[in-house]
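run-v3.txt (compact mmCIF, C-alpha atoms and all ligand atoms)
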# COMPACT_ATOMS: atom_id res chain seq x y z
CA MET A 229 -17.34 15.73 -15.43
CA SER A 230 -17.32 18.53 -12.82
CA GLU A 231 -15.85 21.93 -13.67
CA LEU A 232 -12.20 22.68 -12.96
CA THR A 233 -11.55 25.02 -10.03
CA THR A 234 -9.52 28.18 -10.64
CA THR A 235 -6.43 26.71 -9.01
CA GLU A 236 -6.78 23.45 -10.96
CA MET A 237 -6.83 25.56 -14.12
CA ASN A 238 -3.71 27.34 -12.84
CA ALA A 239 -1.99 23.98 -12.36
CA LYS A 240 0.58 23.49 -15.12
CA GLY A 241 0.23 20.41 -17.30
CA PRO A 242 -2.20 17.48 -17.29
CA PHE A 243 -0.22 15.47 -14.70
CA THR A 244 -0.23 18.31 -12.15
CA ARG A 245 -3.93 18.90 -12.78
CA LEU A 246 -4.70 15.20 -12.27
CA ILE A 247 -2.69 15.01 -9.02
CA THR A 248 -4.31 18.21 -7.77
CA ARG A 249 -7.78 16.89 -8.51
CA VAL A 250 -7.17 13.48 -6.91
CA PHE A 251 -5.12 14.35 -3.82
CA PHE A 252 -5.96 17.94 -2.92
CA ARG A 253 -9.03 19.47 -1.28
CA THR A 254 -10.28 22.85 -2.38
CA ALA A 255 -11.06 25.52 0.21
CA GLN A 256 -11.08 29.29 0.53
CA VAL A 257 -9.37 31.64 2.91
CA SER A 258 -12.21 32.81 5.16
CA ASP A 259 -10.20 34.78 7.71
CA HIS A 260 -6.68 36.19 7.92
CA VAL A 261 -5.59 38.00 11.07
CA LEU A 262 -2.15 39.55 11.39
CA LEU A 263 -1.49 38.71 15.05
CA ALA A 264 1.86 40.48 15.08
CA PRO A 265 4.58 41.27 12.54
CA SER A 266 5.46 37.96 10.79
CA LEU A 267 2.71 36.09 12.59
CA HIS A 268 -0.56 35.20 10.90
CA TYR A 269 -3.73 33.38 11.92
CA ILE A 270 -5.44 31.89 8.89
CA THR A 271 -8.78 30.14 8.61
CA LEU A 272 -9.79 28.04 5.62
CA GLN A 273 -13.34 27.02 4.83
CA GLY A 274 -14.94 24.80 2.21
CA GLU A 275 -17.30 21.91 1.48
CA ALA A 276 -14.27 19.63 1.02
CA LEU A 277 -13.25 20.25 4.65
CA LYS A 278 -16.58 18.91 5.94
CA GLY A 279 -16.82 15.43 7.47
CA VAL A 280 -13.04 15.12 7.63
CA ALA A 281 -11.38 13.09 10.41
CA TRP A 282 -8.66 15.23 12.01
CA THR A 283 -6.39 14.36 14.93
CA ALA A 284 -4.54 17.10 16.81
CA GLY A 285 -0.94 17.12 15.56
CA ASP A 286 -1.88 16.30 11.95
CA LYS A 287 -0.47 18.46 9.18
CA ILE A 288 -1.84 20.05 6.04
CA GLN A 289 0.17 20.83 2.93
CA ILE A 290 -0.82 23.87 0.91
CA ARG A 291 -0.16 23.91 -2.81
CA LEU A 292 1.75 26.97 -3.98
CA GLY A 293 1.91 28.36 -7.47
CA SER A 294 1.14 26.35 -10.57
CA GLY A 295 3.16 23.20 -9.84
CA LEU A 296 3.07 20.65 -7.04
CA GLN A 297 5.20 22.62 -4.59
CA THR A 298 3.67 22.65 -1.11
CA ARG A 299 4.41 24.03 2.35
CA THR A 300 3.26 22.43 5.57
CA TYR A 301 1.26 23.83 8.51
CA THR A 302 -0.38 22.43 11.65
CA PRO A 303 -4.09 23.01 12.13
CA ILE A 304 -5.07 24.22 15.60
CA GLN A 305 -8.63 23.09 15.11
CA TRP A 306 -10.83 21.41 12.52
CA ASP A 307 -14.60 21.79 12.46
CA PRO A 308 -15.96 18.94 10.32
CA LEU A 309 -19.52 20.31 10.46
CA GLN A 310 -18.70 23.84 9.32
CA GLY A 311 -15.88 22.61 7.09
CA SER A 312 -13.23 24.92 8.52
CA THR A 313 -9.73 24.76 9.91
CA SER A 314 -7.25 27.33 11.29
CA PHE A 315 -3.50 27.51 11.69
CA VAL A 316 -0.85 29.94 12.90
CA ALA A 317 1.88 30.67 10.36
CA GLN A 318 5.10 32.61 10.80
CA THR A 319 6.74 34.49 7.94
CA LEU A 320 10.16 34.98 9.51
CA SER A 321 12.17 34.12 6.42
CA PRO A 322 11.29 34.74 2.77
CA GLY A 323 10.01 31.73 0.85
CA PRO A 324 6.99 30.70 -1.23
CA GLY A 325 5.06 29.60 1.88
CA SER A 326 5.69 32.90 3.65
CA ASP A 327 4.74 34.79 0.48
CA TRP A 328 1.48 32.86 0.24
CA VAL A 329 0.68 33.47 3.91
CA THR A 330 1.45 37.18 3.67
CA ASP A 331 -0.75 37.62 0.59
CA ALA A 332 -3.62 35.27 1.58
CA LYS A 333 -6.78 37.30 1.06
CA ASN A 334 -10.29 36.42 2.16
CA GLY A 335 -11.94 34.45 -0.62
CA ALA A 336 -8.66 33.24 -2.16
CA VAL A 337 -8.95 29.65 -3.38
CA VAL A 338 -6.55 27.16 -1.78
CA GLU A 339 -5.66 23.58 -2.66
CA LEU A 340 -4.49 21.54 0.30
CA MET A 341 -3.51 17.99 1.05
CA GLY A 342 -4.46 16.44 4.36
CA PRO A 343 -5.04 16.38 7.20
CA ARG A 344 -2.33 13.73 7.39
CA SER A 345 -0.56 12.20 10.35
CA SER A 346 2.60 13.97 11.55
CA LEU A 347 2.99 13.96 15.34
CA ALA A 348 0.42 12.09 17.41
CA LEU A 349 -0.16 12.23 21.15
CA GLY A 350 -1.28 8.62 21.21
CA ASP A 351 -1.84 7.45 24.78
CA THR A 352 0.20 10.27 26.31
CA ALA A 353 -1.80 12.74 28.41
CA ALA A 354 -1.46 16.28 27.01
CA LYS A 355 -0.72 17.60 30.51
CA ASP A 356 2.44 15.45 30.59
CA VAL A 357 3.76 16.78 27.29
CA MET A 358 6.50 19.39 27.08
CA VAL A 359 6.92 20.84 23.59
CA LEU A 360 10.40 22.13 22.83
CA GLY A 361 10.25 24.19 19.70
CA ASP A 362 9.82 27.59 18.11
CA GLU A 363 7.15 29.68 16.37
CA THR A 364 6.42 26.83 13.95
CA ALA A 365 5.50 24.50 16.84
CA PHE A 366 3.05 26.92 18.43
CA GLY A 367 0.12 25.44 16.48
CA LEU A 368 1.06 21.95 17.65
CA THR A 369 1.25 23.18 21.26
CA LEU A 370 -2.22 24.72 20.99
CA ALA A 371 -3.77 21.81 19.08
CA TRP A 372 -2.68 19.39 21.80
CA GLY A 373 -3.24 21.74 24.71
CA ALA A 374 0.24 20.63 25.77
CA GLY A 375 0.87 21.05 29.49
CA ARG A 376 4.20 22.80 29.03
CA ALA A 377 6.19 24.40 26.26
CA VAL A 378 9.62 25.94 25.96
CA LEU A 379 9.84 27.93 22.74
CA GLU A 380 12.71 29.82 21.14
CA VAL A 381 11.14 32.84 19.48
CA ALA A 382 12.34 35.94 17.66
CA ALA A 383 10.12 38.31 19.66
CA PRO A 384 9.12 37.12 23.16
CA GLU A 385 7.48 40.49 23.85
CA VAL A 386 4.95 39.70 21.11
CA TRP A 387 4.47 36.07 22.05
CA GLY A 388 3.88 36.65 25.76
CA PRO A 389 0.44 38.31 25.34
CA LEU A 390 -0.52 35.85 22.58
CA CYS A 391 0.26 32.83 24.75
CA HIS A 392 -1.66 34.43 27.60
CA ALA A 393 -4.68 35.03 25.33
CA TRP A 394 -4.60 31.37 24.27
CA GLY A 395 -4.20 30.14 27.85
CA GLN A 396 -0.75 28.73 27.11
CA SER A 397 1.94 29.35 29.72
CA ALA A 398 4.97 28.69 27.52
CA ALA A 399 8.48 29.72 28.50
CA LEU A 400 9.59 32.07 25.73
CA ILE A 401 13.29 32.35 25.11
CA ALA A 402 14.65 35.05 22.77
CA LYS A 403 16.68 33.56 19.92
CA GLN A 404 20.30 34.62 19.62
CA ALA A 405 22.28 34.42 16.41
CA ASP A 406 24.94 32.11 17.83
CA ASP A 407 22.38 29.91 19.65
CA ALA A 408 23.71 31.19 22.97
CA HIS A 409 20.10 31.08 24.22
CA TRP A 410 20.09 27.26 24.25
CA SER A 411 21.52 27.24 27.78
CA ARG A 412 18.55 29.31 29.01
CA MET A 413 16.16 27.02 27.14
CA GLU A 414 17.75 24.04 28.83
CA GLN A 415 17.40 25.70 32.22
CA SER A 416 13.68 26.29 31.53
CA VAL A 417 13.25 22.68 30.48
CA TRP A 418 14.61 21.32 33.76
CA GLU A 419 12.63 23.84 35.80
CA ARG A 420 9.44 22.48 34.19
CA PHE A 421 10.44 18.84 34.10
CA SER A 422 8.61 16.18 36.12
CA PRO A 423 9.14 12.39 36.09
CA GLN A 424 5.96 12.07 33.95
CA THR A 425 7.21 14.43 31.26
CA HIS A 426 7.14 13.30 27.63
CA PHE A 427 9.22 15.49 25.34
CA VAL A 428 8.17 16.55 21.86
CA LEU A 429 10.91 18.31 19.92
CA ALA A 430 9.50 20.13 16.88
CA GLY A 431 10.70 23.09 14.83
CA ARG A 432 14.26 23.89 13.79
CA ALA A 433 16.35 20.80 12.97
CA ARG A 434 19.53 22.12 14.59
CA THR A 435 17.78 22.88 17.89
CA ILE A 436 16.16 19.45 17.87
CA GLN A 437 19.54 17.75 17.40
CA HIS A 438 21.03 19.74 20.26
CA PHE A 439 18.22 18.98 22.72
CA LEU A 440 17.95 15.35 21.70
CA LYS A 441 21.58 14.96 22.78
CA ALA A 442 20.99 16.97 25.95
CA LEU A 443 17.95 14.90 26.96
CA ARG A 444 19.74 11.63 26.31
CA ALA A 445 22.72 12.85 28.32
CA LYS A 446 20.32 13.38 31.24
CA GLY A 447 19.13 9.78 30.91
CA ILE A 448 15.70 10.47 29.37
CA SER A 449 14.72 7.27 27.59
CA GLY A 450 13.91 7.25 23.88
CA ASP A 451 10.28 6.24 24.45
CA ARG A 452 9.71 9.59 26.21
CA ILE A 453 11.04 11.66 23.30
CA ARG A 454 9.41 12.38 19.94
CA THR A 455 11.01 14.55 17.27
CA LYS A 456 9.92 16.17 14.04
CA ALA A 457 11.99 18.74 12.16
CA TYR A 458 9.68 21.42 10.72
CA TRP A 459 12.45 23.36 9.00
CA ALA A 460 16.23 23.37 8.65
CA ASP A 461 18.71 26.19 8.11
CA GLY A 462 19.37 26.69 4.42
CA LYS A 463 16.86 24.03 3.32
CA THR A 464 13.47 24.68 1.78
CA GLY A 465 10.12 22.97 2.36
CA LEU A 466 11.25 20.01 4.48
CA ASP A 467 8.05 17.97 4.04
C1 LIG B 501 4.81 18.77 9.87
C2 LIG B 501 5.10 20.26 9.80
C3 LIG B 501 4.24 21.15 10.42
C4 LIG B 501 4.49 22.54 10.36
N1 LIG B 501 3.63 23.41 10.97
C5 LIG B 501 3.85 24.74 10.89
C6 LIG B 501 2.92 25.69 11.46
O1 LIG B 501 1.86 25.33 12.00
N2 LIG B 501 3.23 27.01 11.37
C7 LIG B 501 4.36 27.46 10.73
O2 LIG B 501 4.58 28.67 10.68
N3 LIG B 501 5.24 26.59 10.18
C8 LIG B 501 5.00 25.26 10.23
N4 LIG B 501 5.89 24.39 9.65
C9 LIG B 501 7.13 24.94 9.10
C10 LIG B 501 6.98 25.52 7.71
O3 LIG B 501 6.45 24.55 6.83
C11 LIG B 501 8.40 25.96 7.27
O4 LIG B 501 8.82 27.05 8.05
C12 LIG B 501 8.52 26.28 5.80
O5 LIG B 501 9.90 26.23 5.48
C13 LIG B 501 8.00 27.65 5.40
O6 LIG B 501 8.05 27.73 3.99
P1 LIG B 501 8.65 28.98 3.20
O7 LIG B 501 8.30 28.73 1.78
O8 LIG B 501 8.25 30.25 3.85
O9 LIG B 501 10.22 28.84 3.38
P2 LIG B 501 11.18 27.83 2.59
O10 LIG B 501 11.18 28.10 1.13
O11 LIG B 501 10.85 26.43 3.00
O12 LIG B 501 12.58 28.23 3.20
C14 LIG B 501 13.23 29.47 2.85
C15 LIG B 501 14.31 29.75 3.88
O13 LIG B 501 13.68 30.07 5.11
C16 LIG B 501 14.24 29.30 6.17
N5 LIG B 501 13.17 29.07 7.15
C17 LIG B 501 12.09 28.26 7.04
N6 LIG B 501 11.33 28.34 8.15
C18 LIG B 501 11.95 29.21 8.99
C19 LIG B 501 11.68 29.70 10.30
N7 LIG B 501 10.60 29.31 10.98
N8 LIG B 501 12.53 30.59 10.84
C20 LIG B 501 13.64 31.01 10.16
N9 LIG B 501 13.96 30.58 8.92
C21 LIG B 501 13.13 29.69 8.35
C22 LIG B 501 14.76 28.03 5.48
O14 LIG B 501 15.83 27.47 6.21
C23 LIG B 501 15.24 28.56 4.14
O15 LIG B 501 16.55 29.04 4.25
C24 LIG B 501 5.64 23.02 9.67
C25 LIG B 501 6.49 22.12 9.01
C26 LIG B 501 6.22 20.76 9.08
C27 LIG B 501 7.16 19.81 8.37
Any chance you could give the structure as C-alpha cells?
Ligand SMILES: Cc1cc2nc3c(=O)[nH]c(=O)nc-3n(C[C@H](O)[C@H](O)[C@H](O)COP(=O)(O)OP(=O)(O)OC[C@H]3O[C@@H](n4cnc5c(N)ncnc54)[C@H](O)[C@@H]3O)c2cc1C
Amino acid sequence: MSELTTTEMNAKGPFTRLITRVFFRTAQVSDHVLLAPSLHYITLQGEALKGVAWTAGDKIQIRLGSGLQTRTYTPIQWDPLQGSTSFVAQTLSPGPGSDWVTDAKNGAVVELMGPRSSLALGDTAAKDVMVLGDETAFGLTLAWGAGRAVLEVAAPEVWGPLCHAWGQSAALIAKQADDAHWSRMEQSVWERFSPQTHFVLAGRARTIQHFLKALRAKGISGDRIRTKAYWADGKTGLD
C-alpha cells in the first residue's frame, strides 16, 4: 500500500481518509501571486494533474481542513504534460475558501476533486458568448476566451488593468450596496448585444435571477441563456 499524504493523514476518520484517497488528486501550490487586494492567482502542480482531460469551464473543488468540506474554483488553464493548473480566486468575504486562498503558500499540499463539468461552451463559438457575472466568473471568461463580458466588481480601477493585461475587454461595473448598478449593467449588455449573442450568467445568485428575468423580458430564448450560481448571499459553499 502506498504511503498516506500529509493531507490524507490530516483527514479526520477512516471514512474521510478513504473518500479523500479515492476521489481527490494531490497537488502542491507552485505559485501564488497577489494580483490586487482580495484577488489571487494560484497555480497548482503535481503528478496527479498530468494526463488529465480538462475542458474550459470545468470546475475543481479544493478540500479544506480535516473533513470533506470543499470550495469550488474555475481553472483558467490545465497543462496535462506539466501537470499544472491555475485559477483566479477572490477573497472578498471571509470564509474557509478565502482563508485557504489567502494563506496558500508555495509547496503547500492540496487535495482537489476534478476537473468536473460545470459550464460547457459546447457548439457555441466563444466570440458569440457574453458572460454576465462578477469576480468569481473572471476565470470562466478567461478560460473560454469569451467574446464579451459584463462584470459587476468591487474595484473596477483594479480590474481594468488586469483585464487589459489578459486581453479581455470586459465592461466593469462598480457594485453598489442596493444593487443600483444593475441598470448600468443592463445598459452595457444591450450595447454589446448582437443577434448571435449567447448569454452565460455566472456568479452571484441574486444577480443571475435579475438578469434572467430581464433577458426573458427582452425576448431572448432559453436556448441562448445558460446560468450557474457560483455563490449566494448568506449561503456558504454552494457546490
Ligand atoms: C462552479 C463554480 C465555479 C467557481 N469558480 C470560482 C473562481 O474561479 N474564482 C472564485 O473566486 N470563485 C469561484 N467560485 C465561487 C466560490 O466558490 C465562492 O465564492 C465560495 O463561496 C468561496 O468560499 P468561501 O469559503 O470563501 O466563502 P463561503 O464560506 O462559501 O461564504 C461565506 C460568506 O461569503 C459570501 N460570499 C461568497 N462568495 C462571495 C463573493 N464572491 N462576494 C461576496 N460575498 C461572497 C457568502 O454569501 C457567505 O455569506 C465558483 C463557484 C462555483 C460553484
Exercise. Could I get the residue neighbourhood of ligand LIG 501 (chain B) at 6 Å, counting all atoms listed in the file, as a PyMOL selection string?
Key: chain A and resi 287+299-302+315-318+320-326+346+364+367+458-467
Exercise. Give me, please, the distance in Å between CA of Val428 (chain A) and CA of Ala445 (chain A), quoted to one decimal.
Key: 16.3 Å
Exercise. Excluding Ile247 (chain A) and residues on its chain fewer than 5 positions from it, collect all residues at most 12 Å away from it, counting all atoms listed in the file, and give them as number ranges by chain.
Key: A: 236, 239-242, 252-253, 291, 295-297, 339-341
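Among A:Thr298, A:Gln424, A:Ser411, A:Ser314, the residue with the shortest atom-to-atom distance to Tyr269 (chain A), counting all atoms listed in the file, is A:Ser314.
CA of Leu349 (chain A) is found 18.7 Å from CA of Leu379 (chain A).
Our summary of the geometry notes that CA of Glu419 (chain A) is positioned 19.6 Å from CA of His392 (chain A).
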Quiz prompt | Shell of 6 Å around region 399-404 of chain A, only C-alpha atoms, local chain residues under 5 positions omitted, as JSON, numbers by chain | solution = {"A": [378, 379, 380, 381, 382, 384, 409]}
Excluding same-chain residues fewer than 4 positions from Ser312 (chain A), what lies within 9 Å of it counting all atoms listed in the file, as a compact mmCIF listing (two decimals) with C-alpha atoms, in the frame of the given file?
# COMPACT_ATOMS: atom_id res chain seq x y z
CA ALA A 255 -11.06 25.52 0.21
CA SER A 258 -12.21 32.81 5.16
CA THR A 271 -8.78 30.14 8.61
CA LEU A 272 -9.79 28.04 5.62
CA GLN A 273 -13.34 27.02 4.83
CA GLY A 274 -14.94 24.80 2.21
CA GLU A 275 -17.30 21.91 1.48
CA LEU A 277 -13.25 20.25 4.65
CA LYS A 278 -16.58 18.91 5.94
CA GLN A 305 -8.63 23.09 15.11
CA TRP A 306 -10.83 21.41 12.52
CA ASP A 307 -14.60 21.79 12.46
CA PRO A 308 -15.96 18.94 10.32
Quiz item: Using only C-alpha atoms, which of A:Leu309, A:Met413, A:Ala284, A:Ala405 sits nearest Thr369 (chain A)?
Solution: A:Ala284
Write out N, CA and C atoms for region 279-304 of chain A, as a PDB file, in the frame of the given file.
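Output contents, as saved in out-v9.pdb:
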ATOM      1  N   GLY A 279     -16.806  16.875   7.249  1.00  0.00           N
ATOM      2  CA  GLY A 279     -16.820  15.430   7.470  1.00  0.00           C
ATOM      3  C   GLY A 279     -15.439  14.798   7.473  1.00  0.00           C
ATOM      4  N   VAL A 280     -14.416  15.621   7.686  1.00  0.00           N
ATOM      5  CA  VAL A 280     -13.040  15.120   7.630  1.00  0.00           C
ATOM      6  C   VAL A 280     -12.591  14.692   9.031  1.00  0.00           C
ATOM      7  N   ALA A 281     -11.909  13.551   9.117  1.00  0.00           N
ATOM      8  CA  ALA A 281     -11.380  13.090  10.410  1.00  0.00           C
ATOM      9  C   ALA A 281     -10.012  13.745  10.629  1.00  0.00           C
ATOM     10  N   TRP A 282      -9.905  14.523  11.692  1.00  0.00           N
ATOM     11  CA  TRP A 282      -8.660  15.230  12.010  1.00  0.00           C
ATOM     12  C   TRP A 282      -8.229  14.858  13.425  1.00  0.00           C
ATOM     13  N   THR A 283      -6.950  14.610  13.599  1.00  0.00           N
ATOM     14  CA  THR A 283      -6.390  14.360  14.930  1.00  0.00           C
ATOM     15  C   THR A 283      -5.394  15.469  15.223  1.00  0.00           C
ATOM     16  N   ALA A 284      -5.468  16.018  16.446  1.00  0.00           N
ATOM     17  CA  ALA A 284      -4.540  17.100  16.810  1.00  0.00           C
ATOM     18  C   ALA A 284      -3.106  16.643  16.580  1.00  0.00           C
ATOM     19  N   GLY A 285      -2.323  17.473  15.905  1.00  0.00           N
ATOM     20  CA  GLY A 285      -0.940  17.120  15.560  1.00  0.00           C
ATOM     21  C   GLY A 285      -0.789  16.771  14.088  1.00  0.00           C
ATOM     22  N   ASP A 286      -1.931  16.548  13.399  1.00  0.00           N
ATOM     23  CA  ASP A 286      -1.880  16.300  11.950  1.00  0.00           C
ATOM     24  C   ASP A 286      -1.383  17.549  11.229  1.00  0.00           C
ATOM     25  N   LYS A 287      -0.955  17.334   9.996  1.00  0.00           N
ATOM     26  CA  LYS A 287      -0.470  18.460   9.180  1.00  0.00           C
ATOM     27  C   LYS A 287      -1.355  18.638   7.952  1.00  0.00           C
ATOM     28  N   ILE A 288      -1.288  19.839   7.378  1.00  0.00           N
ATOM     29  CA  ILE A 288      -1.840  20.050   6.040  1.00  0.00           C
ATOM     30  C   ILE A 288      -0.720  20.597   5.161  1.00  0.00           C
ATOM     31  N   GLN A 289      -0.825  20.320   3.866  1.00  0.00           N
ATOM     32  CA  GLN A 289       0.170  20.830   2.930  1.00  0.00           C
ATOM     33  C   GLN A 289      -0.551  21.673   1.879  1.00  0.00           C
ATOM     34  N   ILE A 290      -0.147  22.917   1.806  1.00  0.00           N
ATOM     35  CA  ILE A 290      -0.820  23.870   0.910  1.00  0.00           C
ATOM     36  C   ILE A 290      -0.058  23.964  -0.400  1.00  0.00           C
ATOM     37  N   ARG A 291      -0.803  23.835  -1.493  1.00  0.00           N
ATOM     38  CA  ARG A 291      -0.160  23.910  -2.810  1.00  0.00           C
ATOM     39  C   ARG A 291       0.116  25.367  -3.171  1.00  0.00           C
ATOM     40  N   LEU A 292       1.333  25.604  -3.662  1.00  0.00           N
ATOM     41  CA  LEU A 292       1.750  26.970  -3.980  1.00  0.00           C
ATOM     42  C   LEU A 292       2.062  27.081  -5.458  1.00  0.00           C
ATOM     43  N   GLY A 293       1.587  28.131  -6.067  1.00  0.00           N
ATOM     44  CA  GLY A 293       1.910  28.360  -7.470  1.00  0.00           C
ATOM     45  C   GLY A 293       1.222  27.367  -8.380  1.00  0.00           C
ATOM     46  N   SER A 294       1.823  27.147  -9.553  1.00  0.00           N
ATOM     47  CA  SER A 294       1.140  26.350 -10.570  1.00  0.00           C
ATOM     48  C   SER A 294       1.645  24.910 -10.636  1.00  0.00           C
ATOM     49  N   GLY A 295       2.648  24.568  -9.830  1.00  0.00           N
ATOM     50  CA  GLY A 295       3.160  23.200  -9.840  1.00  0.00           C
ATOM     51  C   GLY A 295       2.659  22.416  -8.644  1.00  0.00           C
ATOM     52  N   LEU A 296       3.487  21.471  -8.186  1.00  0.00           N
ATOM     53  CA  LEU A 296       3.070  20.650  -7.040  1.00  0.00           C
ATOM     54  C   LEU A 296       3.838  21.022  -5.773  1.00  0.00           C
ATOM     55  N   GLN A 297       4.481  22.183  -5.790  1.00  0.00           N
ATOM     56  CA  GLN A 297       5.200  22.620  -4.590  1.00  0.00           C
ATOM     57  C   GLN A 297       4.210  22.893  -3.462  1.00  0.00           C
ATOM     58  N   THR A 298       4.547  22.416  -2.272  1.00  0.00           N
ATOM     59  CA  THR A 298       3.670  22.650  -1.110  1.00  0.00           C
ATOM     60  C   THR A 298       4.499  23.154   0.073  1.00  0.00           C
ATOM     61  N   ARG A 299       3.815  23.738   1.044  1.00  0.00           N
ATOM     62  CA  ARG A 299       4.410  24.030   2.350  1.00  0.00           C
ATOM     63  C   ARG A 299       3.431  23.544   3.408  1.00  0.00           C
ATOM     64  N   THR A 300       4.006  23.187   4.564  1.00  0.00           N
ATOM     65  CA  THR A 300       3.260  22.430   5.570  1.00  0.00           C
ATOM     66  C   THR A 300       2.913  23.282   6.790  1.00  0.00           C
ATOM     67  N   TYR A 301       1.707  23.108   7.308  1.00  0.00           N
ATOM     68  CA  TYR A 301       1.260  23.830   8.510  1.00  0.00           C
ATOM     69  C   TYR A 301       0.457  22.878   9.397  1.00  0.00           C
ATOM     70  N   THR A 302       0.280  23.286  10.662  1.00  0.00           N
ATOM     71  CA  THR A 302      -0.380  22.430  11.650  1.00  0.00           C
ATOM     72  C   THR A 302      -1.703  23.037  12.079  1.00  0.00           C
ATOM     73  N   PRO A 303      -2.807  22.447  11.691  1.00  0.00           N
ATOM     74  CA  PRO A 303      -4.090  23.010  12.130  1.00  0.00           C
ATOM     75  C   PRO A 303      -4.212  23.024  13.655  1.00  0.00           C
ATOM     76  N   ILE A 304      -4.785  24.107  14.158  1.00  0.00           N
ATOM     77  CA  ILE A 304      -5.070  24.220  15.600  1.00  0.00           C
ATOM     78  C   ILE A 304      -6.404  23.570  15.896  1.00  0.00           C
TER      79      ILE A 304
END
